[in-house]
$ cat model.cif   # mmCIF, C-alpha atoms
data_structure
#
loop_
_atom_site.group_PDB
_atom_site.id
_atom_site.type_symbol
_atom_site.label_atom_id
_atom_site.label_comp_id
_atom_site.auth_asym_id
_atom_site.auth_seq_id
_atom_site.Cartn_x
_atom_site.Cartn_y
_atom_site.Cartn_z
ATOM 1 C CA MET D 1007 11.526 53.599 37.365
ATOM 2 C CA THR D 1008 11.601 49.790 37.188
ATOM 3 C CA PRO D 1009 8.961 48.439 34.807
ATOM 4 C CA PRO D 1010 6.403 46.180 36.524
ATOM 5 C CA GLU D 1011 7.095 42.470 36.309
ATOM 6 C CA LEU D 1012 4.763 40.968 33.766
ATOM 7 C CA SER D 1013 3.225 37.537 33.883
ATOM 8 C CA GLU D 1014 0.852 35.980 31.410
ATOM 9 C CA ASP D 1015 -1.889 35.971 34.104
ATOM 10 C CA LEU D 1016 -2.195 39.697 33.563
ATOM 11 C CA LEU D 1017 -3.684 39.219 30.105
ATOM 12 C CA SER D 1018 -7.151 38.372 31.440
ATOM 13 C CA ALA D 1019 -6.986 41.287 33.854
ATOM 14 C CA TYR D 1020 -5.967 43.434 30.879
ATOM 15 C CA LEU D 1021 -9.141 42.424 29.047
ATOM 16 C CA ASP D 1022 -11.249 43.057 32.143
ATOM 17 C CA ASP D 1023 -9.731 46.492 32.724
ATOM 18 C CA GLU D 1024 -8.464 45.374 36.122
ATOM 19 C CA LEU D 1025 -4.908 46.734 35.793
ATOM 20 C CA ASP D 1026 -3.397 49.964 36.991
ATOM 21 C CA ALA D 1027 -2.289 52.413 34.316
ATOM 22 C CA GLU D 1028 1.411 51.669 34.650
ATOM 23 C CA THR D 1029 0.992 47.913 34.231
ATOM 24 C CA ARG D 1030 -1.360 48.430 31.341
ATOM 25 C CA VAL D 1031 1.169 50.532 29.458
ATOM 26 C CA ALA D 1032 3.884 47.952 30.090
ATOM 27 C CA LEU D 1033 1.571 45.192 28.855
ATOM 28 C CA ASP D 1034 0.729 47.161 25.714
ATOM 29 C CA GLU D 1035 4.434 47.327 24.966
ATOM 30 C CA ARG D 1036 4.892 43.617 25.571
ATOM 31 C CA LEU D 1037 1.941 42.778 23.334
ATOM 32 C CA ALA D 1038 3.336 44.974 20.569
ATOM 33 C CA ALA D 1039 6.608 43.090 20.753
ATOM 34 C CA SER D 1040 5.385 39.496 21.238
ATOM 35 C CA SER D 1041 3.194 37.574 18.803
ATOM 36 C CA GLU D 1042 3.058 34.738 21.325
ATOM 37 C CA TRP D 1043 1.428 37.001 23.894
ATOM 38 C CA ARG D 1044 -0.952 38.344 21.270
ATOM 39 C CA THR D 1045 -2.013 34.779 20.495
ATOM 40 C CA VAL D 1046 -2.688 34.067 24.164
ATOM 41 C CA LEU D 1047 -4.633 37.314 24.446
ATOM 42 C CA ALA D 1048 -6.787 36.333 21.472
ATOM 43 C CA GLU D 1049 -7.477 32.927 23.011
ATOM 44 C CA VAL D 1050 -8.541 34.229 26.407
ATOM 45 C CA ARG D 1051 -10.615 36.934 24.713
ATOM 46 C CA ALA D 1052 -12.451 34.246 22.704
ATOM 47 C CA ALA D 1053 -13.160 32.237 25.854
ATOM 48 C CA ARG D 1054 -14.306 35.327 27.744
ATOM 49 C CA ASP D 1055 -16.589 36.439 24.912
ATOM 50 C CA ALA D 1056 -18.082 32.966 24.609
ATOM 51 C CA VAL D 1057 -19.109 32.894 28.284
ATOM 52 C CA ARG D 1058 -20.351 36.473 28.202
ATOM 53 C CA ALA D 1059 -22.501 35.633 25.172
ATOM 54 C CA LEU D 1060 -24.328 32.865 27.029
ATOM 55 C CA PRO D 1061 -28.000 33.730 27.309
ATOM 56 C CA ARG D 1062 -29.654 34.756 30.556
ATOM 57 C CA LEU D 1063 -31.653 31.759 31.757
ATOM 58 C CA ASN D 1064 -34.860 31.484 33.653
ATOM 59 C CA LEU D 1065 -37.018 28.811 35.170
ATOM 60 C CA ALA D 1066 -40.389 27.987 33.703
ATOM 61 C CA PRO D 1067 -43.093 30.033 35.495
ATOM 62 C CA ASP D 1068 -44.678 27.015 37.183
ATOM 63 C CA ALA D 1069 -41.300 25.744 38.438
ATOM 64 C CA TRP D 1070 -40.493 29.221 39.689
ATOM 65 C CA ASP D 1071 -43.842 29.477 41.504
ATOM 66 C CA ARG D 1072 -43.198 26.148 43.244
ATOM 67 C CA LEU D 1073 -39.733 27.242 44.264
ATOM 68 C CA VAL D 1074 -40.953 30.548 45.719
ATOM 69 C CA GLN D 1075 -43.762 28.762 47.590
ATOM 70 C CA ALA D 1076 -41.238 26.315 49.013
ATOM 71 C CA VAL D 1077 -39.037 29.168 50.220
ATOM 72 C CA ALA D 1078 -42.024 30.951 51.769
ATOM 73 C CA ALA D 1079 -43.174 27.783 53.522
ATOM 74 C CA ASP D 1080 -39.777 26.547 54.600
ATOM 75 C CA ALA D 1081 -37.837 29.556 55.778
ATOM 76 C CA PRO D 1082 -38.145 30.633 59.408
ATOM 77 C CA PRO D 1083 -39.295 34.202 60.125
ATOM 78 C CA PRO D 1084 -36.743 36.830 59.155
ATOM 79 C CA GLY D 1085 -34.032 37.308 61.766
ATOM 80 C CA ARG D 1086 -34.087 33.746 63.049
ATOM 81 C CA ALA D 1087 -31.034 32.079 61.670
ATOM 82 C CA GLY D 1088 -31.308 28.341 61.348
ATOM 83 C CA PRO D 1089 -28.648 25.689 60.904
ATOM 84 C CA ALA D 1090 -26.995 25.287 57.541
ATOM 85 C CA ARG D 1091 -28.886 22.607 55.722
ATOM 86 C CA ALA D 1092 -28.450 20.319 52.813
ATOM 87 C CA LEU D 1093 -30.379 21.306 49.719
ATOM 88 C CA LEU D 1094 -34.080 20.590 49.832
ATOM 89 C CA ARG D 1095 -34.910 19.049 46.466
ATOM 90 C CA LEU D 1096 -38.613 19.678 47.000
ATOM 91 C CA ARG D 1097 -39.422 19.459 43.316
ATOM 92 C CA ARG D 1098 -38.382 15.790 43.343
ATOM 93 C CA GLY D 1099 -40.989 14.979 45.924
ATOM 94 C CA ALA D 1100 -38.577 14.108 48.728
ATOM 95 C CA ALA D 1101 -39.617 15.088 52.227
ATOM 96 C CA SER D 1102 -37.680 18.068 53.383
ATOM 97 C CA ARG D 1103 -34.820 17.188 55.670
ATOM 98 C CA PRO D 1104 -35.549 19.862 58.275
ATOM 99 C CA VAL D 1105 -39.005 18.415 58.868
ATOM 100 C CA ARG D 1106 -37.579 14.936 59.372
ATOM 101 C CA TRP D 1107 -34.891 16.360 61.628
ATOM 102 C CA VAL D 1108 -37.446 18.206 63.772
ATOM 103 C CA GLY D 1109 -39.522 15.041 64.122
ATOM 104 C CA ALA D 1110 -36.546 12.995 65.278
ATOM 105 C CA ALA D 1111 -35.486 15.722 67.705
ATOM 106 C CA ALA D 1112 -39.000 15.916 69.176
ATOM 107 C CA ALA D 1113 -39.090 12.138 69.713
ATOM 108 C CA ALA D 1114 -35.691 12.179 71.413
ATOM 109 C CA ALA D 1115 -36.760 15.086 73.635
ATOM 110 C CA ALA D 1116 -39.918 13.218 74.662
ATOM 111 C CA VAL D 1117 -37.849 10.217 75.750
ATOM 112 C CA VAL D 1118 -35.547 12.418 77.824
ATOM 113 C CA VAL D 1119 -38.467 14.234 79.480
ATOM 114 C CA ALA D 1120 -40.197 10.939 80.261
ATOM 115 C CA ALA D 1121 -37.028 9.607 81.822
ATOM 116 C CA LEU D 1122 -36.738 12.692 84.012
ATOM 117 C CA VAL D 1123 -40.399 13.035 85.035
ATOM 118 C CA LEU D 1124 -41.817 9.538 85.372
ATOM 119 C CA PRO D 1125 -41.124 7.832 88.690
ATOM 120 C CA THR D 1126 -38.821 4.855 88.676
ATOM 121 C CA PRO D 1127 -38.702 2.161 91.394
ATOM 122 C CA ALA D 1128 -35.645 3.819 92.880
ATOM 123 C CA ARG D 1129 -37.524 7.137 93.283
ATOM 124 C CA ILE D 1130 -40.715 5.806 94.971
ATOM 125 C CA THR D 1131 -40.797 6.817 98.610
ATOM 126 C CA PRO D 1132 -40.748 4.725 100.677
ATOM 127 C CA LYS D 1133 -38.962 2.107 98.587
ATOM 128 C CA VAL D 1134 -41.068 -1.002 98.155
ATOM 129 C CA ALA D 1135 -38.392 -3.287 99.548
ATOM 130 C CA THR D 1136 -37.965 -1.109 102.653
ATOM 131 C CA PHE D 1137 -41.742 -0.929 103.143
ATOM 132 C CA ASN D 1138 -42.015 -4.688 102.742
ATOM 133 C CA ASN D 1139 -39.256 -5.390 105.221
ATOM 134 C CA GLU D 1140 -40.755 -3.011 107.763
ATOM 135 C CA GLN D 1141 -44.231 -4.490 107.414
ATOM 136 C CA SER D 1142 -42.933 -8.035 107.607
ATOM 137 C CA ALA D 1143 -40.960 -7.233 110.705
ATOM 138 C CA ARG D 1144 -43.982 -5.539 112.287
ATOM 139 C CA ALA D 1145 -46.201 -8.500 111.420
ATOM 140 C CA SER D 1146 -43.736 -10.963 112.850
ATOM 141 C CA VAL D 1147 -43.816 -9.029 116.112
ATOM 142 C CA ALA D 1148 -47.467 -7.958 116.235
ATOM 143 C CA GLY D 1149 -49.070 -10.827 114.305
ATOM 144 C CA ASP D 1150 -50.893 -8.442 111.885
ATOM 145 C CA PRO D 1151 -52.280 -10.779 109.166
ATOM 146 C CA VAL D 1152 -52.636 -8.034 106.503
ATOM 147 C CA SER D 1153 -49.099 -6.781 106.953
ATOM 148 C CA ALA D 1154 -47.875 -10.305 106.781
ATOM 149 C CA LEU D 1155 -49.158 -10.525 103.203
ATOM 150 C CA ALA D 1156 -46.766 -7.767 101.983
ATOM 151 C CA GLY D 1157 -43.977 -10.196 101.294
ATOM 152 C CA VAL D 1158 -46.328 -12.474 99.379
ATOM 153 C CA GLY D 1159 -47.372 -9.558 97.194
ATOM 154 C CA LEU D 1160 -43.760 -8.802 96.266
ATOM 155 C CA MET D 1161 -43.164 -12.427 95.426
ATOM 156 C CA HIS D 1162 -46.062 -12.390 92.938
ATOM 157 C CA GLY D 1163 -45.205 -9.385 90.823
ATOM 158 C CA LEU D 1164 -45.894 -6.079 92.567
ATOM 159 C CA GLY D 1165 -42.203 -5.385 92.752
ATOM 160 C CA ARG D 1166 -41.427 -6.252 89.138
ATOM 161 C CA MET R 760 -35.004 49.479 45.238
ATOM 162 C CA ALA R 761 -31.521 50.971 45.603
ATOM 163 C CA ASP R 762 -32.567 53.242 48.491
ATOM 164 C CA ARG R 763 -34.175 50.629 50.698
ATOM 165 C CA VAL R 764 -33.848 47.013 51.614
ATOM 166 C CA PRO R 765 -36.067 44.961 49.310
ATOM 167 C CA THR R 766 -38.272 42.154 50.521
ATOM 168 C CA TRP R 767 -37.178 38.643 49.635
ATOM 169 C CA GLU R 768 -40.220 38.366 47.367
ATOM 170 C CA GLU R 769 -38.981 41.401 45.431
ATOM 171 C CA VAL R 770 -35.531 39.836 45.198
ATOM 172 C CA ALA R 771 -37.067 36.630 43.864
ATOM 173 C CA ARG R 772 -39.195 38.513 41.358
ATOM 174 C CA ASP R 773 -36.573 40.975 40.101
ATOM 175 C CA TYR R 774 -33.381 38.929 40.407
ATOM 176 C CA GLY R 775 -34.635 35.403 39.903
ATOM 177 C CA GLY R 776 -33.202 35.221 36.390
ATOM 178 C CA PHE R 777 -29.831 36.513 37.558
ATOM 179 C CA LEU R 778 -29.717 34.024 40.442
ATOM 180 C CA TYR R 779 -30.758 31.120 38.256
ATOM 181 C CA SER R 780 -28.288 31.989 35.497
ATOM 182 C CA VAL R 781 -25.361 32.183 37.909
ATOM 183 C CA ALA R 782 -26.503 28.989 39.656
ATOM 184 C CA TYR R 783 -26.877 27.160 36.344
ATOM 185 C CA ARG R 784 -23.443 28.196 35.073
ATOM 186 C CA LEU R 785 -21.899 27.110 38.376
ATOM 187 C CA ALA R 786 -23.714 23.799 38.746
ATOM 188 C CA GLY R 787 -24.015 22.854 35.082
ATOM 189 C CA ASN R 788 -27.496 21.373 35.215
ATOM 190 C CA GLN R 789 -31.070 22.389 35.824
ATOM 191 C CA ASP R 790 -31.811 20.299 38.915
ATOM 192 C CA ASP R 791 -28.821 21.457 40.920
ATOM 193 C CA ALA R 792 -29.298 25.043 39.762
ATOM 194 C CA GLN R 793 -32.885 24.963 41.042
ATOM 195 C CA ASP R 794 -31.714 23.653 44.414
ATOM 196 C CA LEU R 795 -29.038 26.327 44.623
ATOM 197 C CA VAL R 796 -31.543 29.104 43.928
ATOM 198 C CA GLN R 797 -33.978 27.751 46.509
ATOM 199 C CA GLU R 798 -31.330 27.571 49.225
ATOM 200 C CA ALA R 799 -29.953 30.977 48.200
ATOM 201 C CA LEU R 800 -33.401 32.558 48.536
ATOM 202 C CA ILE R 801 -33.816 31.014 51.973
ATOM 203 C CA ARG R 802 -30.503 32.596 52.987
ATOM 204 C CA VAL R 803 -31.584 35.879 51.404
ATOM 205 C CA ARG R 804 -34.747 35.823 53.461
ATOM 206 C CA ARG R 805 -32.801 35.220 56.656
ATOM 207 C CA GLY R 806 -30.080 37.718 55.897
ATOM 208 C CA LEU R 807 -32.017 40.632 54.439
ATOM 209 C CA GLU R 808 -31.836 42.664 57.614
ATOM 210 C CA ARG R 809 -28.029 42.534 57.375
ATOM 211 C CA TYR R 810 -28.046 43.669 53.759
ATOM 212 C CA GLU R 811 -26.841 47.236 53.232
ATOM 213 C CA PRO R 812 -28.296 48.869 50.127
ATOM 214 C CA GLY R 813 -25.680 48.780 47.394
ATOM 215 C CA SER R 814 -24.821 46.139 44.844
ATOM 216 C CA LEU R 815 -27.646 43.685 45.268
ATOM 217 C CA GLU R 816 -26.365 41.524 42.432
ATOM 218 C CA GLY R 817 -22.963 41.357 44.122
ATOM 219 C CA TRP R 818 -24.582 40.271 47.381
ATOM 220 C CA LEU R 819 -26.722 37.668 45.608
ATOM 221 C CA ALA R 820 -23.751 36.362 43.609
ATOM 222 C CA ARG R 821 -21.866 35.878 46.864
ATOM 223 C CA ILE R 822 -24.762 34.016 48.474
ATOM 224 C CA VAL R 823 -25.373 31.646 45.579
ATOM 225 C CA THR R 824 -21.621 31.006 45.266
ATOM 226 C CA ASN R 825 -21.407 30.148 48.958
ATOM 227 C CA VAL R 826 -24.374 27.794 48.611
ATOM 228 C CA PHE R 827 -22.642 26.137 45.654
ATOM 229 C CA LEU R 828 -19.308 25.775 47.461
ATOM 230 C CA ASP R 829 -21.054 24.425 50.579
ATOM 231 C CA GLU R 830 -22.737 21.822 48.394
ATOM 232 C CA VAL R 831 -19.471 20.915 46.661
ATOM 233 C CA ARG R 832 -17.842 20.364 50.064
ATOM 234 C CA ARG R 833 -20.830 18.350 51.321
ATOM 235 C CA ARG R 834 -20.734 16.084 48.276
ATOM 236 C CA ARG R 835 -16.998 15.589 48.644
ATOM 237 C CA ARG R 836 -17.638 14.268 52.141
ATOM 238 C CA ARG R 837 -20.329 11.994 50.676
ATOM 239 C CA PRO R 838 -18.979 10.745 47.346
ATOM 240 C CA ALA R 839 -22.247 8.928 46.596
ATOM 241 C CA ASP R 840 -23.859 12.359 46.108
ATOM 242 C CA ALA R 841 -21.079 13.662 43.857
ATOM 243 C CA LEU R 842 -21.952 16.341 41.363
ATOM 244 C CA PRO R 843 -22.469 14.902 37.893
ATOM 245 C CA ASP R 844 -19.322 15.064 35.814
ATOM 246 C CA ASP R 845 -21.102 14.018 32.665
ATOM 247 C CA PRO R 846 -21.214 17.226 30.639
ATOM 248 C CA GLY R 847 -23.819 15.641 28.371
ATOM 249 C CA ARG R 848 -26.307 16.039 31.211
ATOM 250 C CA VAL R 849 -26.217 19.767 30.639
ATOM 251 C CA LEU R 850 -29.379 20.919 28.913
ATOM 252 C CA PRO R 851 -29.507 24.686 28.771
ATOM 253 C CA PRO R 852 -32.994 25.778 27.800
ATOM 254 C CA THR R 853 -32.740 28.759 25.496
ATOM 255 C CA PRO R 854 -36.242 29.602 24.330
ATOM 256 C CA GLY R 855 -36.301 31.724 21.233
ATOM 257 C CA ALA R 856 -32.698 31.108 20.260
ATOM 258 C CA ASP R 857 -31.988 29.877 16.750
ATOM 259 C CA GLU R 858 -30.502 26.437 16.304
ATOM 260 C CA ALA R 859 -26.938 27.608 15.609
ATOM 261 C CA SER R 860 -26.696 29.875 18.639
ATOM 262 C CA GLN R 861 -28.342 27.234 20.824
ATOM 263 C CA GLN R 862 -25.750 24.705 19.650
ATOM 264 C CA LEU R 863 -22.984 27.185 20.439
ATOM 265 C CA SER R 864 -24.437 27.866 23.894
ATOM 266 C CA THR R 865 -24.551 24.157 24.582
ATOM 267 C CA GLU R 866 -20.916 23.730 23.558
ATOM 268 C CA VAL R 867 -19.818 26.623 25.754
ATOM 269 C CA GLN R 868 -21.849 25.302 28.685
ATOM 270 C CA VAL R 869 -20.391 21.818 28.265
ATOM 271 C CA ALA R 870 -16.882 23.287 28.138
ATOM 272 C CA LEU R 871 -17.575 25.446 31.188
ATOM 273 C CA ALA R 872 -18.870 22.472 33.154
ATOM 274 C CA SER R 873 -15.740 20.512 32.250
ATOM 275 C CA ILE R 874 -13.257 22.812 33.974
ATOM 276 C CA PRO R 875 -12.545 22.350 37.697
ATOM 277 C CA GLU R 876 -14.739 24.463 39.971
ATOM 278 C CA GLU R 877 -11.631 26.165 41.361
ATOM 279 C CA PHE R 878 -11.399 27.954 38.004
ATOM 280 C CA ARG R 879 -15.045 27.803 36.944
ATOM 281 C CA VAL R 880 -16.327 29.770 39.945
ATOM 282 C CA PRO R 881 -14.215 32.909 39.398
ATOM 283 C CA VAL R 882 -14.881 32.785 35.641
ATOM 284 C CA VAL R 883 -18.642 32.603 36.233
ATOM 285 C CA LEU R 884 -18.524 35.371 38.818
ATOM 286 C CA CYS R 885 -16.560 37.571 36.404
ATOM 287 C CA ASP R 886 -18.227 36.792 33.078
ATOM 288 C CA VAL R 887 -21.774 35.815 34.084
ATOM 289 C CA ALA R 888 -22.331 37.734 37.327
ATOM 290 C CA ASP R 889 -20.182 40.656 36.123
ATOM 291 C CA GLN R 890 -18.333 41.048 39.414
ATOM 292 C CA SER R 891 -15.038 42.886 39.909
ATOM 293 C CA TYR R 892 -11.882 40.987 40.830
ATOM 294 C CA GLU R 893 -11.959 42.629 44.242
ATOM 295 C CA HIS R 894 -15.499 41.477 44.906
ATOM 296 C CA ILE R 895 -14.675 37.957 43.707
ATOM 297 C CA ALA R 896 -11.658 37.906 46.013
ATOM 298 C CA THR R 897 -13.868 38.871 48.965
ATOM 299 C CA THR R 898 -16.470 36.255 48.031
ATOM 300 C CA LEU R 899 -13.893 33.480 47.769
ATOM 301 C CA GLY R 900 -11.681 34.679 50.621
ATOM 302 C CA VAL R 901 -8.544 34.744 48.481
ATOM 303 C CA PRO R 902 -6.172 37.536 47.376
ATOM 304 C CA VAL R 903 -6.958 39.500 44.211
ATOM 305 C CA GLY R 904 -3.802 38.065 42.603
ATOM 306 C CA THR R 905 -5.206 34.565 43.067
ATOM 307 C CA VAL R 906 -8.481 35.603 41.433
ATOM 308 C CA ARG R 907 -6.535 37.063 38.524
ATOM 309 C CA SER R 908 -4.539 33.906 37.907
ATOM 310 C CA ARG R 909 -7.573 31.604 38.363
ATOM 311 C CA ILE R 910 -9.663 33.577 35.892
ATOM 312 C CA HIS R 911 -6.849 33.495 33.377
ATOM 313 C CA ARG R 912 -6.214 29.795 33.882
ATOM 314 C CA GLY R 913 -9.945 29.105 33.726
ATOM 315 C CA ARG R 914 -10.292 30.900 30.419
ATOM 316 C CA ARG R 915 -7.327 29.045 28.965
ATOM 317 C CA LEU R 916 -8.821 25.720 30.050
ATOM 318 C CA LEU R 917 -12.144 26.784 28.613
ATOM 319 C CA ARG R 918 -10.540 27.709 25.318
ATOM 320 C CA THR R 919 -8.837 24.318 25.147
ATOM 321 C CA ALA R 920 -12.114 22.555 25.934
ATOM 322 C CA LEU R 921 -13.963 24.557 23.271
ATOM 323 C CA THR R 922 -11.312 23.752 20.694
ATOM 324 C CA GLU R 923 -11.625 20.064 21.525
ATOM 325 C CA GLU R 924 -15.414 20.304 21.217
ATOM 326 C CA GLU R 925 -15.091 21.912 17.795
ATOM 327 C CA ALA R 926 -12.690 19.202 16.654
ATOM 328 C CA ARG R 927 -15.236 16.436 17.378
#
$ encode --input "model.cif" --output "structure tokens"
Amino acid sequence: MTPPELSEDLLSAYLDDELDAETRVALDERLAASSEWRTVLAEVRAARDAVRALPRLNLAPDAWDRLVQAVAADAPPPGRAGPARALLRLRRGAASRPVRWVGAAAAAAAVVVAALVLPTPARITPKVATFNNEQSARASVAGDPVSALAGVGLMHGLGR
Amino acid sequence: MADRVPTWEEVARDYGGFLYSVAYRLAGNQDDAQDLVQEALIRVRRGLERYEPGSLEGWLARIVTNVFLDEVRRRRRRPADALPDDPGRVLPPTPGADEASQQLSTEVQVALASIPEEFRVPVVLCDVADQSYEHIATTLGVPVGTVRSRIHRGRRLLRTALTEEEAR
């Protein structure tokens, strides 16, 4: 059987017990024969042990309470996925970005709705210009003094 | 808790220290670690119904790692918000630890923060979050062989950084 090809990368996996039995045996043999590999193994073991010896950390209770309250207040009900967001940084007093985003979206939506719902001069039936022309024509034929004023009204701002 | 899906409040209560430790070792400072935990808990709350009882720590490690990597990518797009590369900003609070061990922890944390995140993330997932190479590979979306070489390279870089720290 061909022995497995060995690379130095395997030394960390050797320490972490992440090798199959065959590779492990082959690496044991290489380590027995090579002081250079033993030195590398000792170095990565020292680094690994140093990180593993780092203490478990925790937030101060008051900071943790604030964080949990922020999560409870900010997150939507379970099951409603929201857009990926930038980090909140609530503890620094900055307004949360989602709230600002919702406000801007609501303002934009209001503008769109207003544009769709409110009547514009082009949508008024009958159009003022058409009405004016018709009334002026009628007045010129029938001599109706009230209808004759329609054109005057347009001239002084009703059509603006 | 192993037989049922926990509430997010239970996750926060029982795994807060785990989440914060992993976040701190990834980010290298208290402020960013706090942000990472907050965003991770929001994702936990949203995703709990998809969680299948099993390795809760593995699931949480994946979430907080994804939050960290998302933030790294976001800050790369906006260099003004870049993560601090001043290792001196790292201030690991270690209540109860004696002065010598606290000094050692600080040196290790500074060294850890100095290695590129490409190597730091798998090292933290392996040595802080205690995840298997296979789980780390799934979390990072890379082959197990890549995880193996990154962990090894990360540890060698860490060893070099620690040696340089000692020499100062």
$ residues_around --input "model.cif" --residues "Ile895 of chain R" --least-positions-apart "3" --cutoff "9 Å" --atoms "only C-alpha atoms" --output "list in words"
Gly817, Arg821, Pro881, Leu884, Cys885, Gln890, Ser891, Tyr892, Thr898, Leu899, Gly900, Val901, Val903 and Val906 of chain R
$ resolve_selection --input "model.cif" --expression "the PyMOL selection byres ((chain D and resi 1030) around 12)" --output "JSON, numbers by chain"
{"D": [1009, 1010, 1011, 1012, 1016, 1017, 1018, 1019, 1020, 1021, 1022, 1023, 1024, 1025, 1026, 1027, 1028, 1029, 1031, 1032, 1033, 1034, 1035, 1036, 1037]}
$ write_last_selection --input "model.cif" --atoms "C-alpha atoms" --output "PDB file, keeping the file's coordinate frame"
ATOM      1  CA  PRO D1009       8.961  48.439  34.807  1.00  0.00           C
ATOM      2  CA  PRO D1010       6.403  46.180  36.524  1.00  0.00           C
ATOM      3  CA  GLU D1011       7.095  42.470  36.309  1.00  0.00           C
ATOM      4  CA  LEU D1012       4.763  40.968  33.766  1.00  0.00           C
ATOM      5  CA  LEU D1016      -2.195  39.697  33.563  1.00  0.00           C
ATOM      6  CA  LEU D1017      -3.684  39.219  30.105  1.00  0.00           C
ATOM      7  CA  SER D1018      -7.151  38.372  31.440  1.00  0.00           C
ATOM      8  CA  ALA D1019      -6.986  41.287  33.854  1.00  0.00           C
ATOM      9  CA  TYR D1020      -5.967  43.434  30.879  1.00  0.00           C
ATOM     10  CA  LEU D1021      -9.141  42.424  29.047  1.00  0.00           C
ATOM     11  CA  ASP D1022     -11.249  43.057  32.143  1.00  0.00           C
ATOM     12  CA  ASP D1023      -9.731  46.492  32.724  1.00  0.00           C
ATOM     13  CA  GLU D1024      -8.464  45.374  36.122  1.00  0.00           C
ATOM     14  CA  LEU D1025      -4.908  46.734  35.793  1.00  0.00           C
ATOM     15  CA  ASP D1026      -3.397  49.964  36.991  1.00  0.00           C
ATOM     16  CA  ALA D1027      -2.289  52.413  34.316  1.00  0.00           C
ATOM     17  CA  GLU D1028       1.411  51.669  34.650  1.00  0.00           C
ATOM     18  CA  THR D1029       0.992  47.913  34.231  1.00  0.00           C
ATOM     19  CA  VAL D1031       1.169  50.532  29.458  1.00  0.00           C
ATOM     20  CA  ALA D1032       3.884  47.952  30.090  1.00  0.00           C
ATOM     21  CA  LEU D1033       1.571  45.192  28.855  1.00  0.00           C
ATOM     22  CA  ASP D1034       0.729  47.161  25.714  1.00  0.00           C
ATOM     23  CA  GLU D1035       4.434  47.327  24.966  1.00  0.00           C
ATOM     24  CA  ARG D1036       4.892  43.617  25.571  1.00  0.00           C
ATOM     25  CA  LEU D1037       1.941  42.778  23.334  1.00  0.00           C
TER      26      LEU D1037
END
$ closest_atom_pairs --input "model.cif" --of "chain R" --to "chain D" --cutoff "6 Å" --atoms "all atoms listed in the file" --output "Markdown table"
| residue | atom | partner | partner_atom | distance |
| --- | --- | --- | --- | --- |
| R:Gly776 | CA | D:Asn1064 | CA | 4.9 |
| R:Ser780 | CA | D:Leu1063 | CA | 5.0 |
| R:Asp794 | CA | D:Leu1093 | CA | 6.0 |
| R:Ile801 | CA | D:Ala1081 | CA | 5.7 |
| R:Arg805 | CA | D:Pro1084 | CA | 4.9 |
| R:Ser864 | CA | D:Leu1060 | CA | 5.9 |
| R:Asp886 | CA | D:Arg1058 | CA | 5.3 |
| R:Ser908 | CA | D:Asp1015 | CA | 5.1 |
| R:His911 | CA | D:Ser1018 | CA | 5.3 |
| R:Arg914 | CA | D:Val1050 | CA | 5.5 |
| R:Arg915 | CA | D:Val1050 | CA | 5.9 |
| R:Arg918 | CA | D:Ala1053 | CA | 5.3 |
$ resolve_selection --input "model.cif" --expression "the PyMOL selection byres ((chain R and resi 874) around 12)" --output "VMD selection string"
chain R and resid 784 to 787 844 to 846 867 to 873 875 to 883 909 to 910 912 to 921
$ atom_distance --input "model.cif" --atom1 "atom CA of Glu893 of chain R" --atom2 "atom CA of Trp818 of chain R"
13.2 Å
$ atom_distance --input "model.cif" --atom1 "atom CA of Tyr779 of chain R" --atom2 "atom CA of Val796 of chain R"
6.1 Å
$ atom_distance --input "model.cif" --atom1 "atom CA of Val770 of chain R" --atom2 "atom CA of Phe827 of chain R"
18.8 Å
$ closest_residue --input "model.cif" --among "R:Leu795, R:Val803, R:Val887, R:Leu815" --to "Val831 of chain R" --atoms "only C-alpha atoms"
R:Leu795
$ axis_aligned_box --input "model.cif" --around "segment 912-926 of chain R" --padding-each-side "3 Å" --output "JSON"
{"center_x": -10.8, "center_y": 25.1, "center_z": 25.3, "size_x": 15.2, "size_y": 17.7, "size_z": 23.2}
$ residues_near_point --input "model.cif" --point "(-28.5, 20.7, 38.8)" --cutoff "9 Å" --atoms "all atoms listed in the file" --output "MDAnalysis selection string"
chainID R and resid 782:783 786:795 842:843 849
$ closest_residue --input "model.cif" --among "R:Val764, R:Gln862, R:Asp889, R:Arg907" --to "Arg809 of chain R" --atoms "all atoms listed in the file"
R:Val764
$ residues_around --input "model.cif" --residues "Val826 of chain R" --least-positions-apart "2" --cutoff "8 Å" --atoms "only C-alpha atoms" --output "list in words"
Leu795, Glu798, Ala799, Ile822, Val823, Thr824, Leu828, Asp829 and Glu830 of chain R
